[in-house]
>>> print(open('data-v4.cif').read())   # mmCIF, C-alpha atoms
data_start
loop_
_atom_site.label_atom_id
_atom_site.label_comp_id
_atom_site.auth_asym_id
_atom_site.auth_seq_id
_atom_site.Cartn_x
_atom_site.Cartn_y
_atom_site.Cartn_z
CA MET X 1 6.60 -17.41 -13.57
CA SER X 2 6.83 -14.63 -11.00
CA ILE X 3 4.31 -13.36 -8.50
CA LEU X 4 3.77 -9.62 -8.86
CA VAL X 5 3.33 -7.64 -5.64
CA VAL X 6 2.27 -3.98 -5.84
CA GLY X 7 1.74 -1.17 -3.32
CA VAL X 8 3.34 1.84 -1.71
CA SER X 9 6.23 -0.06 -0.09
CA THR X 10 6.59 -3.77 -0.89
CA ARG X 11 9.90 -4.63 0.80
CA ALA X 12 8.48 -6.44 3.86
CA ILE X 13 6.07 -8.71 2.00
CA ALA X 14 8.73 -9.38 -0.65
CA GLU X 15 11.11 -10.62 2.06
CA SER X 16 8.40 -12.92 3.39
CA ALA X 17 7.65 -14.26 -0.10
CA VAL X 18 11.33 -14.94 -0.79
CA ARG X 19 11.62 -16.84 2.51
CA ALA X 20 8.60 -18.86 1.39
CA GLY X 21 10.51 -19.89 -1.73
CA CYS X 22 8.54 -17.73 -4.17
CA ARG X 23 9.89 -15.83 -7.13
CA VAL X 24 8.67 -12.26 -6.79
CA VAL X 25 8.72 -9.08 -8.82
CA THR X 26 7.56 -5.89 -7.12
CA VAL X 27 6.26 -2.50 -8.20
CA ASP X 28 6.18 0.18 -5.52
CA TYR X 29 6.96 3.81 -4.93
CA PHE X 30 10.23 3.85 -2.99
CA GLY X 31 12.40 1.11 -4.55
CA ASP X 32 14.69 1.01 -1.53
CA ARG X 33 18.21 -0.37 -1.79
CA ASP X 34 17.70 -3.53 0.27
CA GLN X 35 14.64 -4.52 -1.75
CA LYS X 36 16.40 -4.06 -5.06
CA GLU X 37 19.22 -6.28 -3.79
CA GLN X 38 16.76 -9.08 -3.08
CA VAL X 39 14.10 -9.05 -5.81
CA GLU X 40 13.34 -7.47 -9.17
CA ASN X 41 11.81 -4.14 -8.24
CA HIS X 42 10.35 -1.36 -10.35
CA SER X 43 10.05 1.95 -8.53
CA LEU X 44 7.77 4.82 -9.48
CA LEU X 45 10.17 7.20 -7.74
CA ARG X 46 13.54 5.92 -8.96
CA ASP X 47 12.93 4.09 -12.21
CA ILE X 48 9.84 5.67 -13.75
CA LYS X 49 10.09 9.05 -12.03
CA ILE X 50 6.38 9.68 -11.53
CA PRO X 51 4.37 10.54 -8.39
CA PHE X 52 2.70 7.73 -6.49
CA SER X 53 -0.78 6.68 -7.57
CA ALA X 54 -2.67 3.42 -7.85
CA ARG X 55 -3.00 3.96 -11.57
CA GLY X 56 0.74 4.59 -11.78
CA LEU X 57 1.38 1.16 -10.27
CA LEU X 58 -0.90 -0.35 -12.89
CA ALA X 59 0.85 1.44 -15.72
CA ALA X 60 4.29 0.40 -14.43
CA SER X 61 3.28 -3.28 -14.51
CA ARG X 62 2.10 -3.29 -18.13
CA ARG X 63 5.32 -4.72 -19.55
CA LEU X 64 5.94 -7.24 -16.78
CA GLU X 65 5.22 -10.96 -17.03
CA PHE X 66 3.61 -12.65 -14.03
CA SER X 67 1.18 -15.45 -13.25
CA SER X 68 -0.30 -14.10 -10.00
CA VAL X 69 -0.67 -10.70 -8.39
CA GLY X 70 -0.90 -9.59 -4.77
CA TYR X 71 -1.36 -6.09 -3.41
CA ILE X 72 -0.72 -4.14 -0.24
CA SER X 73 -1.45 -0.60 0.98
CA ASN X 74 -3.06 1.48 -0.36
CA LEU X 75 -4.68 -0.48 -3.19
CA GLU X 76 -7.48 -1.63 -0.88
CA ASN X 77 -8.91 1.84 -1.55
CA TYR X 78 -8.95 1.28 -5.32
CA PRO X 79 -10.92 -1.89 -6.09
CA GLU X 80 -11.29 -0.81 -9.71
CA ILE X 81 -7.48 -0.89 -10.09
CA VAL X 82 -7.27 -4.27 -8.33
CA ALA X 83 -9.84 -5.54 -10.86
CA GLU X 84 -7.54 -4.42 -13.69
CA PHE X 85 -4.61 -6.31 -12.15
CA ALA X 86 -6.81 -9.41 -11.78
CA LYS X 87 -7.34 -9.48 -15.54
CA ARG X 88 -3.66 -10.29 -16.01
CA GLY X 89 -3.09 -12.93 -13.34
CA ARG X 90 -4.60 -14.90 -10.48
CA LEU X 91 -5.50 -12.50 -7.68
CA LEU X 92 -3.74 -13.32 -4.40
CA GLY X 93 -5.97 -11.41 -2.03
CA ASN X 94 -9.47 -10.17 -1.42
CA THR X 95 -11.59 -9.58 -4.49
CA PRO X 96 -12.61 -6.08 -5.59
CA ASP X 97 -16.15 -6.69 -4.30
CA VAL X 98 -14.83 -7.62 -0.87
CA LEU X 99 -12.64 -4.52 -0.83
CA ARG X 100 -15.63 -2.33 -1.64
CA ASP X 101 -17.61 -3.74 1.27
CA ALA X 102 -14.72 -3.68 3.76
CA ARG X 103 -13.87 -0.06 2.93
CA ASP X 104 -17.46 1.17 2.66
CA TRP X 105 -18.20 2.94 5.95
CA ARG X 106 -21.96 2.60 5.64
CA GLN X 107 -21.64 -1.13 5.02
CA LEU X 108 -19.11 -1.58 7.82
CA ARG X 109 -21.33 0.26 10.30
CA ARG X 110 -24.24 -2.02 9.46
CA VAL X 111 -22.17 -5.19 9.79
CA CYS X 112 -20.71 -4.09 13.12
CA CYS X 113 -24.15 -3.23 14.47
CA GLU X 114 -25.60 -6.59 13.44
CA GLU X 115 -22.59 -8.53 14.75
CA ASN X 116 -22.30 -6.60 18.04
CA ILE X 117 -18.80 -5.36 17.17
CA PRO X 118 -17.87 -2.12 18.98
CA LEU X 119 -17.02 0.30 16.18
CA ALA X 120 -15.82 3.80 17.03
CA VAL X 121 -18.84 5.95 16.18
CA THR X 122 -18.50 6.94 12.53
CA LEU X 123 -20.60 9.59 10.78
CA LEU X 124 -21.05 10.11 7.05
CA PRO X 125 -21.56 13.35 5.10
CA GLY X 126 -24.94 14.78 6.05
CA GLU X 127 -24.79 13.33 9.57
CA GLU X 128 -22.66 16.06 11.13
CA LYS X 129 -25.51 17.10 13.43
CA GLU X 130 -25.14 13.76 15.23
CA ALA X 131 -21.60 14.67 16.33
CA VAL X 132 -22.22 15.19 20.05
CA ARG X 133 -20.18 18.20 21.10
CA GLU X 134 -18.91 16.83 24.43
CA PHE X 135 -16.76 14.38 22.46
CA ARG X 136 -13.84 15.09 20.16
CA TRP X 137 -14.16 14.00 16.56
CA LEU X 138 -11.60 13.07 13.93
CA LEU X 139 -11.91 14.05 10.29
CA LYS X 140 -10.72 11.04 8.25
CA PRO X 141 -10.26 10.61 4.51
CA VAL X 142 -12.50 7.88 3.09
CA ARG X 143 -9.45 6.53 1.29
CA SER X 144 -7.38 6.56 4.44
CA GLY X 145 -4.02 4.94 5.07
CA GLY X 146 -1.28 5.27 7.66
CA GLY X 147 -3.08 8.10 9.43
CA HIS X 148 -2.30 10.53 6.61
CA GLY X 149 -4.74 13.40 6.38
CA VAL X 150 -6.39 12.64 9.74
CA ARG X 151 -7.00 15.64 11.99
CA PHE X 152 -9.38 16.87 14.64
CA TRP X 153 -12.65 18.12 13.19
CA ASP X 154 -13.25 21.88 13.22
CA GLY X 155 -17.02 21.65 12.86
CA SER X 156 -17.09 22.33 9.12
CA ARG X 157 -19.40 20.54 6.72
CA LEU X 158 -18.27 17.11 5.54
CA LYS X 159 -17.40 16.49 1.93
CA GLY X 160 -17.88 13.15 0.21
CA THR X 161 -14.16 12.40 0.57
CA HIS X 162 -14.23 12.35 4.41
CA VAL X 163 -16.04 10.85 7.38
CA LEU X 164 -16.15 11.74 11.05
CA GLN X 165 -15.05 9.28 13.70
CA ARG X 166 -15.36 9.78 17.43
CA PHE X 167 -11.99 10.05 19.12
CA VAL X 168 -11.65 7.19 21.60
CA GLU X 169 -9.24 7.63 24.49
CA GLY X 170 -6.93 4.65 24.71
CA ARG X 171 -4.02 2.85 23.11
CA SER X 172 -3.83 2.38 19.37
CA ALA X 173 -3.43 -1.26 18.40
CA SER X 174 -3.37 -3.54 15.39
CA ALA X 175 -4.61 -7.11 15.05
CA ALA X 176 -3.22 -9.32 12.29
CA PHE X 177 -5.29 -12.31 11.22
CA VAL X 178 -5.60 -14.84 8.44
CA ALA X 179 -8.98 -15.88 7.05
CA ASN X 180 -10.50 -18.24 4.48
CA GLY X 181 -13.78 -16.40 3.93
CA LYS X 182 -15.56 -18.29 6.68
CA ASN X 183 -13.18 -18.62 9.64
CA SER X 184 -10.10 -16.82 10.88
CA VAL X 185 -7.02 -17.12 13.09
CA VAL X 186 -5.48 -14.11 14.84
CA ILE X 187 -1.70 -14.32 14.56
CA GLY X 188 -0.69 -11.14 16.36
CA ILE X 189 -1.93 -8.15 18.36
CA SER X 190 0.49 -5.23 18.56
CA GLU X 191 0.58 -1.70 19.86
CA GLN X 192 0.60 0.90 17.13
CA LEU X 193 3.05 3.78 17.39
CA ILE X 194 1.16 6.88 16.32
CA GLY X 195 2.55 10.40 16.00
CA ARG X 196 5.74 9.73 17.99
CA PRO X 197 7.84 12.92 17.82
CA GLU X 198 11.02 10.89 18.42
CA LEU X 199 10.34 9.19 15.09
CA GLY X 200 9.47 12.46 13.39
CA ALA X 201 5.84 11.46 12.75
CA GLY X 202 2.90 13.83 12.45
CA GLU X 203 0.12 13.86 15.04
CA PHE X 204 -1.87 10.88 13.72
CA ALA X 205 0.71 9.28 11.43
CA TRP X 206 1.46 5.58 11.89
CA CYS X 207 5.17 5.13 12.59
CA GLY X 208 5.58 1.54 13.75
CA ASN X 209 4.47 -1.22 16.10
CA LEU X 210 5.43 -3.00 19.29
CA LEU X 211 4.55 -6.69 19.58
CA PRO X 212 2.85 -7.94 21.68
CA LEU X 213 0.32 -5.40 22.89
CA GLN X 214 0.79 -5.23 26.64
CA VAL X 215 -2.36 -6.39 28.48
CA ASP X 216 -2.57 -7.19 32.19
CA VAL X 217 -2.50 -10.93 32.83
CA PRO X 218 -5.95 -11.15 34.50
CA SER X 219 -7.57 -9.61 31.42
CA ARG X 220 -5.35 -11.11 28.71
CA ALA X 221 -7.28 -14.27 27.80
CA ALA X 222 -10.62 -12.47 27.63
CA PHE X 223 -9.10 -9.64 25.59
CA ILE X 224 -7.57 -12.03 23.04
CA GLU X 225 -10.85 -13.91 22.78
CA THR X 226 -12.72 -10.63 22.13
CA VAL X 227 -10.36 -9.70 19.29
CA GLU X 228 -10.56 -13.22 17.86
CA THR X 229 -14.36 -13.04 17.88
CA MET X 230 -14.28 -9.65 16.20
CA ALA X 231 -11.97 -10.93 13.44
CA ALA X 232 -14.03 -14.09 12.93
CA ARG X 233 -17.30 -12.21 12.55
CA LEU X 234 -15.83 -9.71 10.13
CA ALA X 235 -14.17 -12.46 8.10
CA ARG X 236 -17.48 -14.31 7.77
CA ARG X 237 -19.67 -11.28 7.03
CA LEU X 238 -17.26 -9.57 4.63
CA GLY X 239 -15.83 -12.75 3.07
CA LEU X 240 -12.25 -11.82 3.95
CA ARG X 241 -9.51 -14.13 2.71
CA GLY X 242 -5.76 -14.30 3.18
CA VAL X 243 -4.02 -12.00 5.65
CA ASN X 244 -5.89 -8.96 6.93
CA GLY X 245 -5.60 -6.38 9.68
CA LEU X 246 -7.79 -4.49 12.12
CA ASP X 247 -6.94 -1.06 13.46
CA LEU X 248 -8.17 -0.78 17.04
CA VAL X 249 -8.23 1.56 19.98
CA VAL X 250 -8.09 -0.16 23.36
CA GLY X 251 -10.18 1.63 25.95
CA TYR X 252 -11.53 0.40 29.28
CA ASP X 253 -15.02 -0.53 30.41
CA ALA X 254 -16.68 0.43 33.73
CA ASN X 255 -14.89 -2.46 35.45
CA GLY X 256 -11.47 -1.40 34.21
CA CYS X 257 -11.19 -4.24 31.69
CA PRO X 258 -9.51 -3.48 28.35
CA THR X 259 -12.03 -3.18 25.52
CA PRO X 260 -11.08 -3.01 21.83
CA PHE X 261 -12.97 -0.58 19.59
CA LEU X 262 -12.71 -1.14 15.86
CA VAL X 263 -11.35 1.84 13.95
CA GLU X 264 -10.78 0.40 10.48
CA VAL X 265 -10.54 -2.85 8.51
CA ASN X 266 -7.42 -3.33 6.38
CA PRO X 267 -8.23 -6.14 3.92
CA ARG X 268 -4.59 -6.81 2.96
CA TYR X 269 -1.07 -7.34 4.34
CA THR X 270 -0.25 -4.83 7.09
CA GLY X 271 2.91 -3.27 8.48
CA SER X 272 2.79 -5.15 11.79
CA MET X 273 2.99 -8.56 10.16
CA GLU X 274 6.75 -8.70 9.78
CA LEU X 275 6.97 -8.48 13.58
CA VAL X 276 4.79 -11.61 13.74
CA GLU X 277 7.39 -13.33 11.58
CA ARG X 278 10.24 -12.14 13.78
CA ALA X 279 8.57 -13.01 17.09
CA TYR X 280 6.52 -16.12 16.35
CA GLY X 281 8.28 -17.77 13.41
CA VAL X 282 5.20 -17.57 11.18
CA ASN X 283 5.88 -17.07 7.48
CA VAL X 284 3.09 -14.64 6.67
CA PHE X 285 3.24 -15.08 2.91
CA SER X 286 2.91 -18.86 3.27
CA VAL X 287 -0.14 -18.65 5.55
CA HIS X 288 -1.59 -16.05 3.19
CA LEU X 289 -1.36 -18.46 0.24
CA ASP X 290 -2.68 -21.35 2.34
CA ALA X 291 -5.67 -19.33 3.51
CA LEU X 292 -6.53 -18.35 -0.05
CA ALA X 293 -6.67 -22.09 -0.72
CA GLY X 294 -8.96 -22.56 2.30
CA ARG X 295 -6.36 -23.77 4.82
CA LEU X 296 -5.87 -21.94 8.12
CA PRO X 297 -2.82 -22.42 10.38
CA GLU X 298 -2.94 -24.30 13.67
CA PHE X 299 -1.87 -21.36 15.77
CA SER X 300 -2.80 -20.15 19.24
CA LEU X 301 -1.89 -16.56 20.00
CA ALA X 302 -2.39 -17.16 23.72
CA GLN X 303 0.55 -19.59 23.64
CA HIS X 304 2.90 -17.06 22.03
CA ILE X 305 2.12 -13.75 23.70
CA GLU X 306 4.37 -14.27 26.75
CA GLY X 307 7.63 -13.77 24.84
CA PRO X 308 9.90 -10.72 24.66
CA SER X 309 8.86 -7.53 22.91
CA VAL X 310 9.88 -6.76 19.34
CA GLY X 311 9.38 -3.45 17.58
CA LYS X 312 9.71 -1.60 14.33
CA GLY X 313 9.79 2.13 13.80
CA ILE X 314 9.55 4.27 10.69
CA VAL X 315 12.03 7.14 11.01
CA PHE X 316 10.77 10.33 9.35
CA ALA X 317 13.08 13.20 8.41
CA ARG X 318 12.72 16.39 10.44
CA ARG X 319 14.40 18.43 7.73
CA MET X 320 15.78 17.88 4.26
CA SER X 321 18.80 15.58 4.48
CA ILE X 322 21.19 13.87 2.07
CA VAL X 323 21.99 10.20 2.72
CA PRO X 324 25.77 9.74 3.16
CA LYS X 325 27.76 6.85 1.72
CA THR X 326 28.62 5.81 5.28
CA MET X 327 25.01 5.20 6.41
CA GLY X 328 24.64 1.67 7.77
CA GLY X 329 22.09 -0.71 6.33
CA VAL X 330 20.86 -4.27 6.73
CA GLU X 331 23.98 -5.20 8.70
CA ARG X 332 22.71 -2.88 11.44
CA GLY X 333 19.23 -4.38 11.47
CA ARG X 334 17.62 -1.70 9.31
CA ARG X 335 15.30 -2.04 6.34
CA ASP X 336 13.81 0.19 3.64
CA ILE X 337 17.25 1.68 3.21
CA PRO X 338 17.77 4.67 0.90
CA PHE X 339 20.66 4.94 -1.55
CA PRO X 340 23.70 7.14 -0.87
CA GLY X 341 23.05 10.60 -2.19
CA ASP X 342 19.26 10.37 -1.84
CA ARG X 343 17.60 13.60 -0.77
CA ILE X 344 15.06 12.93 1.98
CA LYS X 345 12.54 15.74 2.33
CA ALA X 346 11.20 16.82 5.71
CA GLY X 347 8.30 14.63 6.70
CA HIS X 348 9.33 11.78 4.39
CA PRO X 349 10.52 8.35 5.67
CA ILE X 350 14.24 7.71 5.97
CA CYS X 351 14.24 4.00 6.81
CA THR X 352 12.80 1.37 9.16
CA VAL X 353 14.55 0.36 12.38
CA PHE X 354 13.95 -2.68 14.60
CA ALA X 355 14.55 -3.49 18.24
CA GLU X 356 13.93 -6.09 20.92
CA GLY X 357 13.54 -5.98 24.67
CA ASP X 358 12.53 -8.14 27.61
CA ARG X 359 9.49 -5.91 28.04
CA ARG X 360 7.67 -3.15 26.21
CA GLU X 361 9.53 -0.26 27.84
CA SER X 362 13.01 -1.59 27.08
CA CYS X 363 12.01 -2.46 23.51
CA LEU X 364 10.69 1.05 22.92
CA GLU X 365 13.80 2.57 24.49
CA ASN X 366 16.03 0.50 22.18
CA LEU X 367 13.88 1.36 19.18
CA LEU X 368 14.12 5.10 19.79
CA ALA X 369 17.87 4.77 20.35
CA ASN X 370 18.18 3.05 16.97
CA ALA X 371 16.16 5.85 15.39
CA GLY X 372 18.49 8.38 17.00
CA ALA X 373 21.49 6.60 15.51
CA VAL X 374 19.98 6.94 12.04
CA ARG X 375 19.47 10.67 12.58
CA ARG X 376 23.05 11.16 13.68
CA GLU X 377 24.35 9.36 10.60
CA ILE X 378 22.45 11.54 8.15
CA GLY X 379 22.74 14.80 10.12
CA ASP X 380 19.03 15.02 10.94
CA GLU X 381 19.42 15.98 14.59
CA PRO X 382 17.86 19.16 16.00
CA GLU X 383 20.21 22.14 15.91
CA ASP X 384 20.55 22.25 19.71
CA CYS X 385 21.77 18.63 19.71
CA VAL X 386 24.61 19.20 17.25
CA GLU X 387 27.97 19.63 18.92
#
>>> encode(input="data-v4.cif", output="structure tokens")
Amino acid sequence: MSILVVGVSTRAIAESAVRAGCRVVTVDYFGDRDQKEQVENHSLLRDIKIPFSARGLLAASRRLEFSSVGYISNLENYPEIVAEFAKRGRLLGNTPDVLRDARDWRQLRRVCCEENIPLAVTLLPGEEKEAVREFRWLLKPVRSGGGHGVRFWDGSRLKGTHVLQRFVEGRSASAAFVANGKNSVVIGISEQLIGRPELGAGEFAWCGNLLPLQVDVPSRAAFIETVETMAARLARRLGLRGVNGLDLVVGYDANGCPTPFLVEVNPRYTGSMELVERAYGVNVFSVHLDALAGRLPEFSLAQHIEGPSVGKGIVFARRMSIVPKTMGGVERGRRDIPFPGDRIKAGHPICTVFAEGDRRESCLENLLANAGAVRREIGDEPEDCVE
């Protein structure tokens, strides 16, 4: 019987599961062309024609037959919905109780304090007076995801749906790790692309990753060890299992050494993990299933981080565009490909592009060039660039 995978966009994890030899059925919002060509997919947008919601995913799965169920973003914010899915099949991921703890800011603050994990200072409703004015503060939705709804705080009173987090100067990063509830193995540390105008992303919107995160050689081993320790302590204290992610900001200490500050725990499959597959040959879905059974991979990130750079970018539309029949797809290294005739609204994703390079700079240059090619094909270039 099939494994059901649900979330906003399930294409990447579905590809990994198929490579692992699993039979998969997916329910997501977008239902992109390349996913529908590979697995049975049910799309809220295309097939059911309803807006995205966690409860909509649940309703769309009612008539499906499956033996196990896994989830991705943004169901980590809805443990009550995950509990409903778990009634119908074996849960392939963190339990609802683990999700509640990992996404509870008060609980996470306490764990980080006790485990000496540097968490970006986070304030809850009623604690606004502790927001020291010489620092900048971000207003973040409690049920955050992909940077949506994040903005600089204007000093107004917090509501129960938001928290404040001190803005840390540095590079945004993501750590991918696999855990068995007691121990963990970090399988990738990447740079996060946030708010890149070339990709059409808003100020704090996640729009891709570059793997590996570039760290100076003298500091690299110590930096990796710090992230590994952070992941191990969180896995043990929160009981994390399977694949998980950490959102980080990399700042520098008084000696100029890179220091990771925790921004958020993502207790599920993350967007950077398909780059781990491309760069390191790790089948993420396989190690996910193994970890749920208690088995962790024999993997050393320090032995893999010297390779070339690989990247992915989410291309967002700058204006409403219609996808032409001539738009290239998988054959051009793209994923999450829309159907001909689709109307892409301004601010919505068009597709995902990939690139490689000998170093970070060349990889990013190639990635942005690939994004530009997509724009030219669908007529999404700025007016002053159109000949």
>>> residues_around(input="data-v4.cif", residues="region 59-75 of chain X", least_positions_apart="3", cutoff="9 Å", atoms="all atoms listed in the file", output="count of residues only")
43
>>> residues_around(input="data-v4.cif", residues="Lys345 (chain X)", least_positions_apart="2", cutoff="9 Å", atoms="all atoms listed in the file", output="list in words")
Ala317, Arg318, Arg319, Met320, Ser321, Ile322, Arg343, Gly347, His348, Pro349 and Ile350 of chain X
>>> write_last_selection(input="data-v4.cif", atoms="C-alpha atoms", output="tab-separated table (two decimals), in the frame of the given file")
chain	number	residue	atom	x	y	z
X	317	ALA	CA	13.08	13.20	8.41
X	318	ARG	CA	12.72	16.39	10.44
X	319	ARG	CA	14.40	18.43	7.73
X	320	MET	CA	15.78	17.88	4.26
X	321	SER	CA	18.80	15.58	4.48
X	322	ILE	CA	21.19	13.87	2.07
X	343	ARG	CA	17.60	13.60	-0.77
X	347	GLY	CA	8.30	14.63	6.70
X	348	HIS	CA	9.33	11.78	4.39
X	349	PRO	CA	10.52	8.35	5.67
X	350	ILE	CA	14.24	7.71	5.97
>>> closest_residue(input="data-v4.cif", among="X:Val185, X:Leu124, X:Val217, X:Val132", to="Val163 (chain X)", atoms="all atoms listed in the file")
X:Leu124
>>> residues_near_point(input="data-v4.cif", point="(1.2, -17.9, 1.7)", cutoff="9 Å", atoms="only C-alpha atoms", output="PyMOL selection string")
chain X and resi 16-17+20+242-243+283-292
>>> write_last_selection(input="data-v4.cif", atoms="C-alpha atoms", output="PDB file, in the coordinates of the input")
ATOM      1  CA  SER X  16       8.400 -12.920   3.390  1.00  0.00           C
ATOM      2  CA  ALA X  17       7.650 -14.260  -0.100  1.00  0.00           C
ATOM      3  CA  ALA X  20       8.600 -18.860   1.390  1.00  0.00           C
ATOM      4  CA  GLY X 242      -5.760 -14.300   3.180  1.00  0.00           C
ATOM      5  CA  VAL X 243      -4.020 -12.000   5.650  1.00  0.00           C
ATOM      6  CA  ASN X 283       5.880 -17.070   7.480  1.00  0.00           C
ATOM      7  CA  VAL X 284       3.090 -14.640   6.670  1.00  0.00           C
ATOM      8  CA  PHE X 285       3.240 -15.080   2.910  1.00  0.00           C
ATOM      9  CA  SER X 286       2.910 -18.860   3.270  1.00  0.00           C
ATOM     10  CA  VAL X 287      -0.140 -18.650   5.550  1.00  0.00           C
ATOM     11  CA  HIS X 288      -1.590 -16.050   3.190  1.00  0.00           C
ATOM     12  CA  LEU X 289      -1.360 -18.460   0.240  1.00  0.00           C
ATOM     13  CA  ASP X 290      -2.680 -21.350   2.340  1.00  0.00           C
ATOM     14  CA  ALA X 291      -5.670 -19.330   3.510  1.00  0.00           C
ATOM     15  CA  LEU X 292      -6.530 -18.350  -0.050  1.00  0.00           C
TER      16      LEU X 292
END
>>> resolve_selection(input="data-v4.cif", expression="the PyMOL selection byres ((chain X and resi 250-258) around 12)", output="number ranges by chain")
X: 118-120, 167-175, 189-192, 213-227, 247-249, 259-263
>>> closest_residue(input="data-v4.cif", among="X:Ala232, X:Ile337, X:Leu210, X:Leu164", to="Glu128 (chain X)", atoms="only C-alpha atoms")
X:Leu164
>>> resolve_selection(input="data-v4.cif", expression="the PyMOL selection byres ((chain X and resi 363) around 10)", output="list in words")
Leu210, Leu211, Pro308, Ser309, Val310, Gly311, Lys312, Phe354, Ala355, Glu356, Gly357, Asp358, Arg359, Arg360, Glu361, Ser362, Leu364, Glu365, Asn366, Leu367, Leu368 and Ala369 of chain X
>>> atom_distance(input="data-v4.cif", atom1="CA of Arg151 (chain X)", atom2="CA of Ala205 (chain X)")
10.0 Å
>>> closest_residue(input="data-v4.cif", among="X:Asp47, X:Asp34, X:Asp342, X:Glu277", to="His304 (chain X)", atoms="all atoms listed in the file")
X:Glu277
>>> build_atoms(input="data-v4.cif", residues="region 335-347 of chain X", atoms="N, CA and C atoms", output="mmCIF file, keeping the file's coordinate frame")
data_model
loop_
_atom_site.group_PDB
_atom_site.id
_atom_site.type_symbol
_atom_site.label_atom_id
_atom_site.label_comp_id
_atom_site.auth_asym_id
_atom_site.auth_seq_id
_atom_site.Cartn_x
_atom_site.Cartn_y
_atom_site.Cartn_z
ATOM 1 N N ARG X 335 15.918 -1.671 7.607
ATOM 2 C CA ARG X 335 15.300 -2.040 6.340
ATOM 3 C C ARG X 335 14.777 -0.772 5.665
ATOM 4 N N ASP X 336 14.308 -0.940 4.432
ATOM 5 C CA ASP X 336 13.810 0.190 3.640
ATOM 6 C C ASP X 336 14.876 1.270 3.548
ATOM 7 N N ILE X 337 16.049 0.845 3.126
ATOM 8 C CA ILE X 337 17.250 1.680 3.210
ATOM 9 C C ILE X 337 17.418 2.517 1.934
ATOM 10 N N PRO X 338 17.575 3.816 2.075
ATOM 11 C CA PRO X 338 17.770 4.670 0.900
ATOM 12 C C PRO X 338 19.176 4.490 0.310
ATOM 13 N N PHE X 339 19.364 4.988 -0.888
ATOM 14 C CA PHE X 339 20.660 4.940 -1.550
ATOM 15 C C PHE X 339 21.514 6.142 -1.142
ATOM 16 N N PRO X 340 22.837 5.983 -1.127
ATOM 17 C CA PRO X 340 23.700 7.140 -0.870
ATOM 18 C C PRO X 340 23.405 8.256 -1.857
ATOM 19 N N GLY X 341 23.335 9.452 -1.347
ATOM 20 C CA GLY X 341 23.050 10.600 -2.190
ATOM 21 C C GLY X 341 21.580 10.951 -2.302
ATOM 22 N N ASP X 342 20.692 10.066 -1.811
ATOM 23 C CA ASP X 342 19.260 10.370 -1.840
ATOM 24 C C ASP X 342 18.967 11.614 -1.007
ATOM 25 N N ARG X 343 18.073 12.444 -1.520
ATOM 26 C CA ARG X 343 17.600 13.600 -0.770
ATOM 27 C C ARG X 343 16.280 13.224 -0.091
ATOM 28 N N ILE X 344 16.260 13.264 1.223
ATOM 29 C CA ILE X 344 15.060 12.930 1.980
ATOM 30 C C ILE X 344 14.422 14.233 2.445
ATOM 31 N N LYS X 345 13.229 14.507 1.958
ATOM 32 C CA LYS X 345 12.540 15.740 2.330
ATOM 33 C C LYS X 345 11.973 15.643 3.733
ATOM 34 N N ALA X 346 11.805 16.789 4.374
ATOM 35 C CA ALA X 346 11.200 16.820 5.710
ATOM 36 C C ALA X 346 9.820 16.180 5.658
ATOM 37 N N GLY X 347 9.570 15.316 6.638
ATOM 38 C CA GLY X 347 8.300 14.630 6.700
ATOM 39 C C GLY X 347 8.245 13.338 5.929
#
